[in-house]
Structures are given as structure tokens and as C-alpha cells.
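Data from start.cif: mmCIF, C-alpha atoms and all ligand atoms
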data_my_file
loop_
_atom_site.label_atom_id
_atom_site.label_comp_id
_atom_site.auth_asym_id
_atom_site.auth_seq_id
_atom_site.Cartn_x
_atom_site.Cartn_y
_atom_site.Cartn_z
CA MET A 1 143.47 82.66 103.53
CA ASN A 2 142.78 80.30 100.62
CA GLN A 3 142.28 81.95 97.22
CA TRP A 4 138.81 80.44 96.85
CA GLU A 5 137.67 82.36 99.89
CA ASN A 6 137.78 85.53 97.79
CA ASN A 7 135.09 84.09 95.53
CA ILE A 8 132.56 83.35 98.24
CA ARG A 9 129.54 85.62 98.29
CA LYS A 10 129.61 86.98 101.81
CA VAL A 11 126.27 87.96 103.28
CA THR A 12 124.81 88.77 106.67
CA PRO A 13 121.66 86.67 106.73
CA TYR A 14 118.21 87.62 107.96
CA VAL A 15 117.54 86.26 111.45
CA PRO A 16 113.99 84.95 111.87
CA GLY A 17 112.28 84.73 115.27
CA GLU A 18 113.09 81.62 117.28
CA GLN A 19 111.16 78.41 116.56
CA PRO A 20 111.49 76.56 119.88
CA GLN A 21 110.57 72.87 119.61
CA GLU A 22 109.20 72.39 123.14
CA ASN A 23 105.41 72.28 123.50
CA ASP A 24 104.92 74.27 126.68
CA ILE A 25 105.94 77.63 125.24
CA ILE A 26 103.54 80.48 124.54
CA LYS A 27 104.84 81.54 121.18
CA LEU A 28 104.06 85.16 120.38
CA ASN A 29 107.24 85.97 118.46
CA THR A 30 106.70 85.27 114.74
CA ASN A 31 103.18 86.50 114.00
CA GLU A 32 101.74 83.07 113.32
CA ASN A 33 98.01 82.49 113.64
CA PRO A 34 96.96 80.75 116.89
CA TYR A 35 94.02 79.01 115.18
CA PRO A 36 94.23 76.01 112.85
CA PRO A 37 93.71 76.20 109.08
CA SER A 38 90.20 75.90 107.60
CA PRO A 39 88.36 72.54 107.94
CA LYS A 40 88.44 72.47 104.11
CA VAL A 41 92.23 72.13 104.35
CA TYR A 42 91.89 69.11 106.66
CA GLU A 43 89.35 67.53 104.29
CA ARG A 44 91.56 68.01 101.25
CA HIS A 45 94.61 66.75 103.13
CA ARG A 46 92.82 63.49 103.94
CA THR A 47 92.13 62.81 100.27
CA MET A 48 95.68 63.51 99.07
CA GLU A 49 97.06 60.67 96.97
CA VAL A 50 100.51 59.92 98.36
CA ASP A 51 101.18 57.69 95.30
CA ARG A 52 101.33 60.85 93.23
CA PHE A 53 104.27 62.17 95.23
CA SER A 54 106.51 60.14 92.90
CA LEU A 55 105.69 62.67 90.16
CA TYR A 56 106.76 66.30 89.90
CA PRO A 57 104.10 68.86 90.83
CA ASP A 58 102.46 71.15 88.27
CA PRO A 59 105.24 73.73 87.65
CA SER A 60 102.69 76.49 87.04
CA ALA A 61 100.70 75.57 90.20
CA SER A 62 97.62 76.25 88.09
CA GLU A 63 95.00 75.03 90.56
CA LEU A 64 96.19 77.49 93.20
CA VAL A 65 96.86 80.33 90.76
CA GLU A 66 93.42 80.04 89.14
CA LYS A 67 91.64 79.90 92.51
CA LEU A 68 93.49 83.03 93.64
CA GLU A 69 92.66 84.87 90.40
CA GLU A 70 88.99 83.99 90.87
CA TYR A 71 88.99 84.89 94.58
CA TYR A 72 90.44 88.35 93.94
CA GLY A 73 88.48 88.99 90.72
CA LEU A 74 91.61 89.14 88.55
CA GLU A 75 92.30 88.00 85.00
CA LYS A 76 94.30 84.97 84.01
CA GLY A 77 98.01 85.73 84.27
CA GLN A 78 97.78 88.25 87.12
CA VAL A 79 98.91 85.98 89.97
CA PHE A 80 102.33 84.53 90.77
CA VAL A 81 102.79 81.99 93.60
CA GLY A 82 105.88 81.09 95.59
CA VAL A 83 107.28 79.41 98.69
CA GLY A 84 106.01 81.93 101.21
CA SER A 85 106.02 85.64 100.49
CA ASP A 86 109.74 85.67 101.32
CA ASP A 87 110.32 83.69 98.14
CA VAL A 88 107.98 85.94 96.15
CA LEU A 89 109.58 89.13 97.48
CA SER A 90 113.08 87.84 96.90
CA LEU A 91 112.23 87.00 93.26
CA ALA A 92 110.56 90.38 92.83
CA PHE A 93 113.75 92.14 94.03
CA LEU A 94 115.79 90.06 91.59
CA THR A 95 113.38 90.63 88.70
CA PHE A 96 112.55 94.32 89.06
CA PHE A 97 115.40 96.13 90.77
CA ASN A 98 118.14 96.26 88.17
CA SER A 99 118.84 99.95 87.76
CA LYS A 100 121.90 101.64 89.27
CA LYS A 101 119.68 103.92 91.34
CA PRO A 102 118.91 103.06 94.96
CA ILE A 103 115.62 101.43 95.82
CA LEU A 104 113.73 103.00 98.73
CA PHE A 105 112.14 101.46 101.81
CA PRO A 106 111.68 102.88 105.34
CA ASP A 107 114.39 102.72 108.02
CA VAL A 108 112.08 100.71 110.27
CA THR A 109 110.39 97.94 108.29
CA TYR A 110 110.64 94.23 107.51
CA SER A 111 114.31 93.50 108.12
CA PHE A 112 114.55 91.07 105.20
CA TYR A 113 114.42 93.93 102.64
CA PRO A 114 118.01 95.12 103.22
CA VAL A 115 119.20 91.50 103.20
CA TRP A 116 117.79 90.83 99.71
CA ALA A 117 119.15 94.17 98.54
CA GLU A 118 122.61 93.15 99.81
CA VAL A 119 122.55 89.63 98.39
CA TYR A 120 121.46 90.86 94.94
CA ARG A 121 123.75 93.91 95.17
CA ILE A 122 120.93 96.38 94.77
CA PRO A 123 121.76 99.85 96.15
CA TYR A 124 119.19 101.08 98.68
CA GLU A 125 118.29 104.03 100.87
CA CYS A 126 116.01 104.10 103.88
CA PRO A 127 113.97 107.28 104.48
CA PRO A 128 113.28 107.48 108.24
CA LEU A 129 109.75 107.09 109.57
CA ASP A 130 108.47 110.21 111.35
CA GLU A 131 108.53 110.47 115.15
CA ASN A 132 105.20 108.59 115.34
CA PHE A 133 106.61 105.75 113.21
CA ARG A 134 104.57 106.85 110.18
CA ILE A 135 105.84 106.64 106.61
CA ILE A 136 106.23 110.10 105.01
CA PRO A 137 104.95 109.76 101.39
CA LYS A 138 106.97 112.85 100.28
CA ASP A 139 110.22 110.99 101.03
CA TYR A 140 109.44 108.65 98.14
CA GLU A 141 109.19 111.41 95.57
CA ARG A 142 112.89 111.45 94.71
CA GLU A 143 114.65 109.59 91.94
CA ASN A 144 115.01 105.89 92.74
CA GLY A 145 115.29 102.38 91.33
CA GLY A 146 112.10 101.07 92.95
CA VAL A 147 110.02 101.32 96.11
CA VAL A 148 109.04 98.72 98.71
CA ILE A 149 106.43 99.46 101.36
CA ALA A 150 105.00 96.99 103.85
CA ASN A 151 101.40 98.06 104.44
CA PRO A 152 100.57 97.72 107.27
CA ASN A 153 104.20 98.10 108.20
CA ALA A 154 106.10 95.64 110.38
CA PRO A 155 107.15 95.76 113.14
CA THR A 156 105.31 99.05 113.76
CA SER A 157 101.83 97.56 113.00
CA LEU A 158 100.72 100.87 111.44
CA GLY A 159 98.93 101.07 108.11
CA MET A 160 98.79 103.77 105.44
CA SER A 161 95.61 104.75 103.62
CA ILE A 162 95.11 103.88 99.97
CA SER A 163 95.25 107.59 99.08
CA GLU A 164 98.68 107.99 100.68
CA ILE A 165 99.99 105.01 98.72
CA GLU A 166 98.40 106.41 95.59
CA LYS A 167 100.58 109.52 96.09
CA ILE A 168 103.66 107.30 96.17
CA LEU A 169 102.51 105.48 93.02
CA LEU A 170 101.80 108.72 91.17
CA ALA A 171 105.31 109.95 91.94
CA ASN A 172 106.92 106.66 90.87
CA GLN A 173 105.51 105.61 87.54
CA ASP A 174 108.89 104.70 86.02
CA VAL A 175 109.84 102.06 88.59
CA ILE A 176 108.18 99.03 90.19
CA VAL A 177 106.42 99.74 93.48
CA ILE A 178 106.00 96.67 95.70
CA ILE A 179 103.33 96.82 98.40
CA ASP A 180 103.83 93.98 100.87
CA GLU A 181 100.36 93.28 102.27
CA ALA A 182 101.35 90.40 104.59
CA TYR A 183 99.11 91.77 107.38
CA VAL A 184 96.39 93.58 105.44
CA ASP A 185 93.58 91.14 106.29
CA PHE A 186 93.69 92.21 109.95
CA GLY A 187 92.38 95.70 109.28
CA GLY A 188 94.66 97.39 106.75
CA GLU A 189 93.54 99.03 103.53
CA THR A 190 94.48 97.06 100.42
CA VAL A 191 95.66 98.73 97.22
CA LEU A 192 93.97 96.07 95.07
CA PRO A 193 91.57 98.70 93.65
CA LEU A 194 94.64 100.52 92.21
CA LEU A 195 95.88 97.51 90.27
CA ASP A 196 94.01 98.48 87.08
CA ARG A 197 95.39 102.00 87.09
CA PHE A 198 99.05 101.33 87.87
CA GLU A 199 100.83 98.79 85.68
CA ASN A 200 103.96 99.15 87.83
CA LEU A 201 102.24 98.06 91.08
CA LEU A 202 102.98 94.63 92.55
CA ILE A 203 101.02 93.49 95.62
CA VAL A 204 102.51 90.67 97.70
CA ARG A 205 100.49 88.53 100.12
CA THR A 206 101.01 85.48 102.32
CA TYR A 207 99.13 82.48 103.71
CA SER A 208 101.32 82.55 106.83
CA LYS A 209 99.30 85.00 108.93
CA SER A 210 95.57 85.33 108.14
CA ARG A 211 95.25 81.85 106.59
CA SER A 212 96.99 79.98 109.44
CA MET A 213 99.32 78.17 107.05
CA ALA A 214 102.86 79.38 107.80
CA GLY A 215 104.09 75.77 107.72
CA MET A 216 102.87 75.26 104.16
CA ARG A 217 104.97 78.14 102.82
CA ILE A 218 102.58 79.85 100.41
CA GLY A 219 102.90 83.42 99.22
CA PHE A 220 101.69 85.18 96.10
CA ALA A 221 101.94 88.36 94.08
CA MET A 222 99.21 90.14 92.14
CA GLY A 223 99.92 92.57 89.34
CA ASN A 224 99.90 93.44 85.70
CA LYS A 225 100.38 90.40 83.41
CA ARG A 226 103.76 91.68 82.15
CA LEU A 227 105.11 91.87 85.69
CA ILE A 228 103.84 88.38 86.50
CA GLN A 229 105.35 87.00 83.29
CA ALA A 230 108.71 88.63 84.08
CA MET A 231 108.73 87.03 87.54
CA THR A 232 107.74 83.67 86.05
CA ASP A 233 110.62 83.86 83.57
CA VAL A 234 113.12 84.53 86.36
CA LYS A 235 111.64 81.81 88.58
CA GLU A 236 111.81 79.30 85.71
CA SER A 237 115.45 80.21 85.22
CA ILE A 238 116.17 79.18 88.81
CA ASN A 239 113.79 76.39 89.85
CA SER A 240 110.75 75.14 87.91
CA TYR A 241 109.09 73.32 90.79
CA THR A 242 108.91 75.60 93.79
CA MET A 243 105.46 74.73 95.12
CA THR A 244 104.88 71.21 96.43
CA MET A 245 101.77 69.24 95.49
CA GLU A 246 100.55 69.76 99.03
CA SER A 247 100.99 73.52 99.08
CA ILE A 248 99.21 73.84 95.71
CA CYS A 249 96.11 71.89 96.63
CA LEU A 250 95.85 72.83 100.31
CA GLY A 251 96.32 76.49 99.43
CA ALA A 252 93.46 76.21 96.95
CA ALA A 253 91.25 74.44 99.55
CA SER A 254 91.79 77.25 102.07
CA LEU A 255 90.04 79.70 99.73
CA GLU A 256 86.81 77.68 99.75
CA ASP A 257 85.75 78.68 103.24
CA GLU A 258 85.17 82.40 103.54
CA GLU A 259 83.10 82.15 106.70
CA TYR A 260 85.80 80.31 108.63
CA PHE A 261 88.37 82.82 107.38
CA GLN A 262 86.35 85.87 108.43
CA ASN A 263 85.53 84.37 111.84
CA ASN A 264 89.16 83.67 112.46
CA LEU A 265 90.09 87.27 111.60
CA ARG A 266 87.35 88.63 113.85
CA LYS A 267 88.60 86.61 116.83
CA ILE A 268 92.12 87.95 116.39
CA ILE A 269 90.93 91.53 115.99
CA ASP A 270 88.81 91.23 119.17
CA THR A 271 91.68 89.72 121.14
CA ARG A 272 93.93 92.50 119.86
CA ALA A 273 91.55 95.16 121.20
CA TYR A 274 91.37 93.36 124.57
CA THR A 275 95.16 92.99 124.82
CA GLU A 276 95.80 96.58 123.82
CA LYS A 277 93.53 97.86 126.60
CA GLU A 278 95.07 95.56 129.18
CA LEU A 279 98.61 96.57 128.21
CA GLU A 280 97.67 100.24 128.48
CA LYS A 281 96.30 99.64 131.99
CA ARG A 282 99.72 98.24 132.87
CA GLY A 283 101.60 101.33 131.76
CA PHE A 284 102.37 100.43 128.14
CA PHE A 285 102.25 102.79 125.19
CA VAL A 286 100.73 100.74 122.35
CA LEU A 287 100.67 101.71 118.68
CA ASN A 288 97.30 101.50 116.93
CA SER A 289 97.71 98.12 115.25
CA GLN A 290 96.14 97.06 111.96
CA THR A 291 97.92 93.69 112.11
CA ASN A 292 97.93 90.46 114.13
CA PHE A 293 100.54 91.86 116.52
CA LEU A 294 100.99 94.79 118.87
CA PHE A 295 104.04 97.03 119.01
CA ALA A 296 104.32 98.38 122.53
CA ARG A 297 106.77 99.89 124.98
CA HIS A 298 106.48 100.23 128.71
CA ARG A 299 106.72 103.77 130.01
CA GLU A 300 109.26 102.79 132.69
CA MET A 301 110.67 99.32 132.08
CA SER A 302 113.16 98.51 129.36
CA GLY A 303 112.23 96.39 126.35
CA GLN A 304 115.22 94.10 126.85
CA PHE A 305 114.31 93.47 130.52
CA LEU A 306 110.66 92.64 129.75
CA PHE A 307 111.65 90.43 126.82
CA GLU A 308 114.06 88.44 128.98
CA GLU A 309 111.69 88.15 131.94
CA LEU A 310 108.86 86.92 129.72
CA ARG A 311 111.22 84.45 128.12
CA LYS A 312 112.18 83.04 131.55
CA ARG A 313 108.46 82.34 131.99
CA LYS A 314 108.36 80.55 128.61
CA ILE A 315 106.56 83.36 126.86
CA PHE A 316 108.35 84.32 123.65
CA VAL A 317 107.78 87.77 122.14
CA ARG A 318 110.00 89.60 119.63
CA HIS A 319 112.50 92.24 120.64
CA PHE A 320 114.74 94.13 118.20
CA GLN A 321 118.09 95.67 119.15
CA THR A 322 117.82 98.38 116.50
CA GLU A 323 118.33 101.86 117.93
CA ARG A 324 114.91 103.42 117.28
CA ILE A 325 112.82 100.50 118.47
CA ARG A 326 114.92 99.06 121.28
CA GLU A 327 112.33 99.82 123.96
CA TYR A 328 109.51 98.11 122.09
CA LEU A 329 108.17 94.57 122.16
CA ARG A 330 106.39 93.06 119.19
CA ILE A 331 103.70 90.80 120.59
CA THR A 332 101.78 88.45 118.30
CA ILE A 333 98.07 88.14 119.06
CA GLY A 334 97.46 84.59 120.25
CA THR A 335 94.29 83.11 121.72
CA LYS A 336 92.56 85.03 124.53
CA GLU A 337 93.89 82.44 126.97
CA GLN A 338 97.47 82.92 125.77
CA MET A 339 97.14 86.68 126.10
CA GLU A 340 95.77 86.33 129.62
CA LYS A 341 98.81 84.24 130.55
CA MET A 342 101.12 86.83 129.03
CA LEU A 343 99.39 89.62 130.99
CA ALA A 344 99.57 87.59 134.21
CA ALA A 345 103.29 87.10 133.60
CA LEU A 346 103.72 90.85 133.10
CA ASP A 347 101.89 91.48 136.40
CA GLU A 348 104.29 89.11 138.13
CA ILE A 349 107.35 90.76 136.55
CA MET A 350 106.17 94.24 137.50
CA CYS A 351 105.33 93.18 141.02
CA GLU A 352 108.77 91.63 141.52
CA SER A 353 110.61 94.65 140.23
CA CYS A 354 108.72 97.28 142.26
N1 LIG A 401 106.47 90.42 104.77
C1 LIG A 401 106.37 90.84 106.04
C2 LIG A 401 106.13 92.28 106.31
C3 LIG A 401 106.50 89.92 107.09
O1 LIG A 401 106.44 90.33 108.37
C4 LIG A 401 106.72 88.55 106.80
C5 LIG A 401 106.82 87.54 107.93
N2 LIG A 401 108.05 87.38 108.47
C6 LIG A 401 106.84 88.18 105.46
C7 LIG A 401 106.70 89.13 104.47
C8 LIG A 401 107.17 86.77 105.05
O2 LIG A 401 106.20 85.82 105.34
P1 LIG A 401 106.13 84.42 104.65
O3 LIG A 401 107.45 84.15 103.95
O4 LIG A 401 105.86 83.47 105.74
O5 LIG A 401 105.01 84.50 103.67
#

Could you take the file, read its structure, and then write that structure out as C-alpha cells?
Ligand code: PMP
Amino acid sequence: MNQWENNIRKVTPYVPGEQPQENDIIKLNTNENPYPPSPKVYERHRTMEVDRFSLYPDPSASELVEKLEEYYGLEKGQVFVGVGSDDVLSLAFLTFFNSKKPILFPDVTYSFYPVWAEVYRIPYECPPLDENFRIIPKDYERENGGVVIANPNAPTSLGMSISEIEKILLANQDVIVIIDEAYVDFGGETVLPLLDRFENLLIVRTYSKSRSMAGMRIGFAMGNKRLIQAMTDVKESINSYTMTMESICLGAASLEDEEYFQNNLRKIIDTRAYTEKELEKRGFFVLNSQTNFLFARHREMSGQFLFEELRKRKIFVRHFQTERIREYLRITIGTKEQMEKMLAALDEIMCESC
């Protein structure tokens, strides 16, 4: 082995869901939104001045930041934006988790958390969810270097109430508590009302799910001005220009159309209720989702088998090999038509195997 090999930072990367490039696939594996972005985004895109691409973008992304502050009723300096919430979360780990004590997040949660912890060499511990895949607030009352909770949680789809999270915040006033609200718009309970009371609370959100803009890579954090400033200082020590001109102005445009946004959410929530019922009729046990996906296992057929059979029929869902959730499928809510095709495929699979 060459000596330089010793100096390489060795990491096991996060593995995202597949992004197949063919067009005839029903893609229910990465929790994208099946509907297009707001018409306001199209309008703004048409008027973009390509000539300006020769200049650097605004490093503080002020148009987007100010629109978000206004939309959420926050003060200037309470919003931080980044390249998807992955970028925002990664920077938050780097900025806030610098004690020698382990940070805490559940054993079944967004599988990027342990990857950031490893890459930044942050010790961590993972309290197990209970047997119903619920987070146990008491488990977060021990000494730690920080707490990260996805609410609603992924891939379980289950949300916690604001009062349960308040318990976690009350027990953890000396560390930063990150609440990842990637899926909250689909029926979760936001902790935004707690922002004034807890200066150590950081809420992270994304445009990738409810705003139909995964391809634009826009995420943001909301919190106390000192937290936002600390993240900004770290970001500006790494890369001044993270957001492109397009993501700044199209992200701002998306906020101008509340009616379109709410309609879009309603359609997904309705399709979720329909799909849940239909899956139950077919022998699935389905968790009570507050997200744009369902987490379900069949009472007789294995998760791996169903995943592979659906894949053969060009229907991609997500399946995890992790011990506790091996029998489950995570199914993104697509259009009603896509869900009908998925259900028809399941009928075919079940018919063939009986
Ligand atoms: N948090 C959670 C819980 C997620 O499931 C995802 C999506 N993979 C993200 C954050 C990151 O989303 P994005 O980087 O697209 O904003």
C-alpha cells in the first residue's frame, strides 16, 4: 500500500434511491412530488436573463431568504438557505456538533445522519424506536452532544406531536436540537411555534417534496439569529456561492402561489388515503403516514420479493435491507393513475404467487 493511502479520509457514503433515466418507469422510490412546480416558477423561469449567468450569484441569496422570512413570519437573520436540505443538515452537523459527547438520533431514521456523523467524526448513539416505530422522548433525556429528529420520521412516515418534541427540547437546553421537517407539509405538526422559546432549536425544511422542486436543490433552516449566523460563517469558510441564480429566484417565485401549493398537498393527501385503503385490502399492514409516502409490509409476502417483482414491472419503490425494516416497502405517493398501476401490478404478483 502506498503511504498516501493512509491519509485518505475513508467513508462509507450514503446511497440515495435509484434515479433511472428511462421514461417509462413509475418512480415511487425517492419521495419526489408527482406534480410540477407552481405556474409562478414557470413564469419566472421564462424571464430569466441568461446574460447574467456570466456573473456570480448573490452569495447571501437575499431574495430567497427574505421571501422565506416573510412567508414564515420570521425576523431578518432567521433563515439560512442551502443546496437541498442535505447541504443544510450537513453544515448544521459541522457547525453545531463539536462536543466529545455523542449526538442522539433514532435507530430507524434518515440514513444520511450516521454518514455525516462519520465523515465529521462526531460520536453518535441511536436510541431504538419502540415496537410501533415510535420515538420514545425519554430516551433523549440523557447527556448528549446534540439531538436530531426527523419529524415526521423517515422511512417510518410517523410524526410526533409538538408537545412530545417540547419535552425533548426542555430536557436538552444545553445542546442544539435539529428538527428535520422535510415532510411536515403533508400532515405533520411543525415546531415553528416553539422557535421563540427555544434558542437552541433549528428547524430544517426542503423544496424537494411539497414544493415539487427536488431538481433545483433548495433547502433551508429556520432558527435563532445566532445559530443562523454561525452556520453562515461556516458556509462562507467553505463555499461562498452555494445557491445558483436559478435556485434563488425560482425558489422565491414558488412562495408566491399559496393556492397552487395547498391544492397540490391536498391531492397527495387524498391519494395517500386511497392507496392506504387499497393496500390494506390486499393484506398489507400500513403505518399511519403523515408524509408523501407509505411505509407498509405485507402480512405474508417478503419485502425483498415484492420490491423485486415490482421492479421487474418497471415500478420502483424503496426497500431497505436494515434488520428492523426488512419486510417493509417505502412507497412514494404518486398520481392516482400511478398508484392504480402499482396496485394492479401487486394484484398480478399476488395472483402469480398463489
Ligand atoms: N431529510 C429527510 C428526512 C429526507 O428524507 C430527505 C430526502 N432524502 C432529506 C432530508 C433531503 O432532501 P433534500 O436534500 O432533497 O432537500

Distance query A:Leu287 at most 8 Å, all atoms listed in the file, self and fewer than 6 positions along chain excluded, as a list in words: Thr156, Ser157, Leu158, Leu294, Phe295 and Ala296 of chain A

With only C-alpha atoms and all ligand atoms counted, collect every polymer residue having an atom within 9 Å of ligand LIG 401 (chain A); state the result as a ChimeraX atom specification. /A:16-17,30-32,82-89,109-113,149-155,180-183,204-209,213-220

Quote the spacing between atom CA of A:Phe105 and atom CA of A:Glu141 in Å to one decimal place.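 Going from atom CA of A:Phe105 over to atom CA of A:Glu141 covers 12.1 Å.
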
Could you give me, as CSV, a per-residue list for stretch 198-290 of chain A showing, wherever an atom lies at most 8 Å from an atom of stretch 43-66 of chain A, the closest pair of atoms and their distance in Å to one decimal, using all atoms listed in the file and sorting by chain then residue number from low to high?
residue,atom,partner,partner_atom,distance
A:Ser240,CA,A:Pro59,CA,5.7
A:Tyr241,CA,A:Pro59,CA,5.0
A:Thr242,CA,A:Pro59,CA,7.4
A:Met243,CA,A:Ala61,CA,6.9
A:Thr244,CA,A:Pro57,CA,6.1
A:Met245,CA,A:Pro57,CA,5.2
A:Glu246,CA,A:His45,CA,7.8
A:Ile248,CA,A:Leu64,CA,5.4
A:Cys249,CA,A:Leu64,CA,6.6
A:Leu250,CA,A:Arg44,CA,6.5
A:Gly251,CA,A:Leu64,CA,6.3
A:Ala252,CA,A:Leu64,CA,4.8
A:Ala253,CA,A:Arg44,CA,6.7

Using all atoms listed in the file, which residues sit within 8 Å of A:Val317 once same-chain residues fewer than 5 positions away are excluded, as a ChimeraX atom specification? /A:27-30,307,310-311,329-332

Nearest to A:Gly145, chosen from A:Tyr120, A:Tyr72, A:Phe284, A:Phe96, with all atoms listed in the file counted in the distances: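 Closest candidate: A:Phe96.
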
Could you give me, as a PDB file with C-alpha atoms, in the coordinates of the input, the residues within 10 Å of A:Gly223, counting only C-alpha atoms and dropping anything in the same chain fewer than 6 positions from it?
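This is the output file part_25.pdb:
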ATOM      1  CA  LEU A  74      91.610  89.140  88.550  1.00  0.00           C
ATOM      2  CA  GLU A  75      92.300  88.000  85.000  1.00  0.00           C
ATOM      3  CA  GLY A  77      98.010  85.730  84.270  1.00  0.00           C
ATOM      4  CA  GLN A  78      97.780  88.250  87.120  1.00  0.00           C
ATOM      5  CA  VAL A  79      98.910  85.980  89.970  1.00  0.00           C
ATOM      6  CA  PHE A  80     102.330  84.530  90.770  1.00  0.00           C
ATOM      7  CA  ILE A 178     106.000  96.670  95.700  1.00  0.00           C
ATOM      8  CA  LEU A 192      93.970  96.070  95.070  1.00  0.00           C
ATOM      9  CA  LEU A 194      94.640 100.520  92.210  1.00  0.00           C
ATOM     10  CA  LEU A 195      95.880  97.510  90.270  1.00  0.00           C
ATOM     11  CA  ASP A 196      94.010  98.480  87.080  1.00  0.00           C
ATOM     12  CA  PHE A 198      99.050 101.330  87.870  1.00  0.00           C
ATOM     13  CA  GLU A 199     100.830  98.790  85.680  1.00  0.00           C
ATOM     14  CA  ASN A 200     103.960  99.150  87.830  1.00  0.00           C
ATOM     15  CA  LEU A 201     102.240  98.060  91.080  1.00  0.00           C
ATOM     16  CA  LEU A 202     102.980  94.630  92.550  1.00  0.00           C
ATOM     17  CA  ILE A 203     101.020  93.490  95.620  1.00  0.00           C
ATOM     18  CA  VAL A 204     102.510  90.670  97.700  1.00  0.00           C
ATOM     19  CA  GLN A 229     105.350  87.000  83.290  1.00  0.00           C
TER      20      GLN A 229
END

Please provide the set of residues having any atom within 12 Å of A:Glu348, restricted to only C-alpha atoms, with same-chain residues fewer than 4 positions apart removed, written as JSON, numbers by chain. {"A": [282, 306, 309, 310, 312, 313, 341, 342, 343, 344, 352, 353, 354]}

Please determine, counting all atoms listed in the file, which residue among A:Asn7, A:Ser254, A:Asn132, A:Asn144 has the shortest atom-to-atom distance to A:Pro102.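 Result for the nearest residue to A:Pro102: A:Asn144.
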
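Proximity ranking of A:Val148, A:Val234, A:Val115, A:Cys351 relative to A:Leu94 places A:Val234 first, based on all atoms listed in the file.
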
What does the structure give for the distance between atom CA of A:Arg197 and atom CA of A:Gly73, in Å to one decimal? 15.2 Å

Determine, counting only C-alpha atoms, which protein, DNA and RNA residues have an atom within 8 Å of an atom of A:Arg326; residues of the same chain fewer than 4 positions away are not included. Present the result as a list in words.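 Returned residues: Gly303, Gln304, His319, Phe320, Gln321 and Thr322 of chain A.
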
Of the listed residues A:Val177, A:Ile325, A:Phe93, A:Gln21, that which approaches A:Met231 most closely, counting only C-alpha atoms: A:Phe93

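The two atoms in question, atom CA of A:Ala117 and atom CA of A:Ser163, are spaced 27.4 Å apart.
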
Find the residue from A:Thr232, A:Val175, A:Lys40, A:Arg299 that sits nearest to A:Leu279; use all atoms listed in the file when measuring. A:Arg299

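Candidate residues A:Arg266, A:Arg318, A:Lys167, A:Lys281 were compared for distance to A:Ile136, and the nearest is A:Lys167, using all atoms listed in the file.
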
Enclosing box along x, y and z for every listed atom of stretch 231-245 of chain A, padded 4 Å each side, centre and size in Å, one decimal, as AutoDock Vina command-line options:
--center_x 109.0 --center_y 78.1 --center_z 90.0 --size_x 22.4 --size_y 25.8 --size_z 20.9
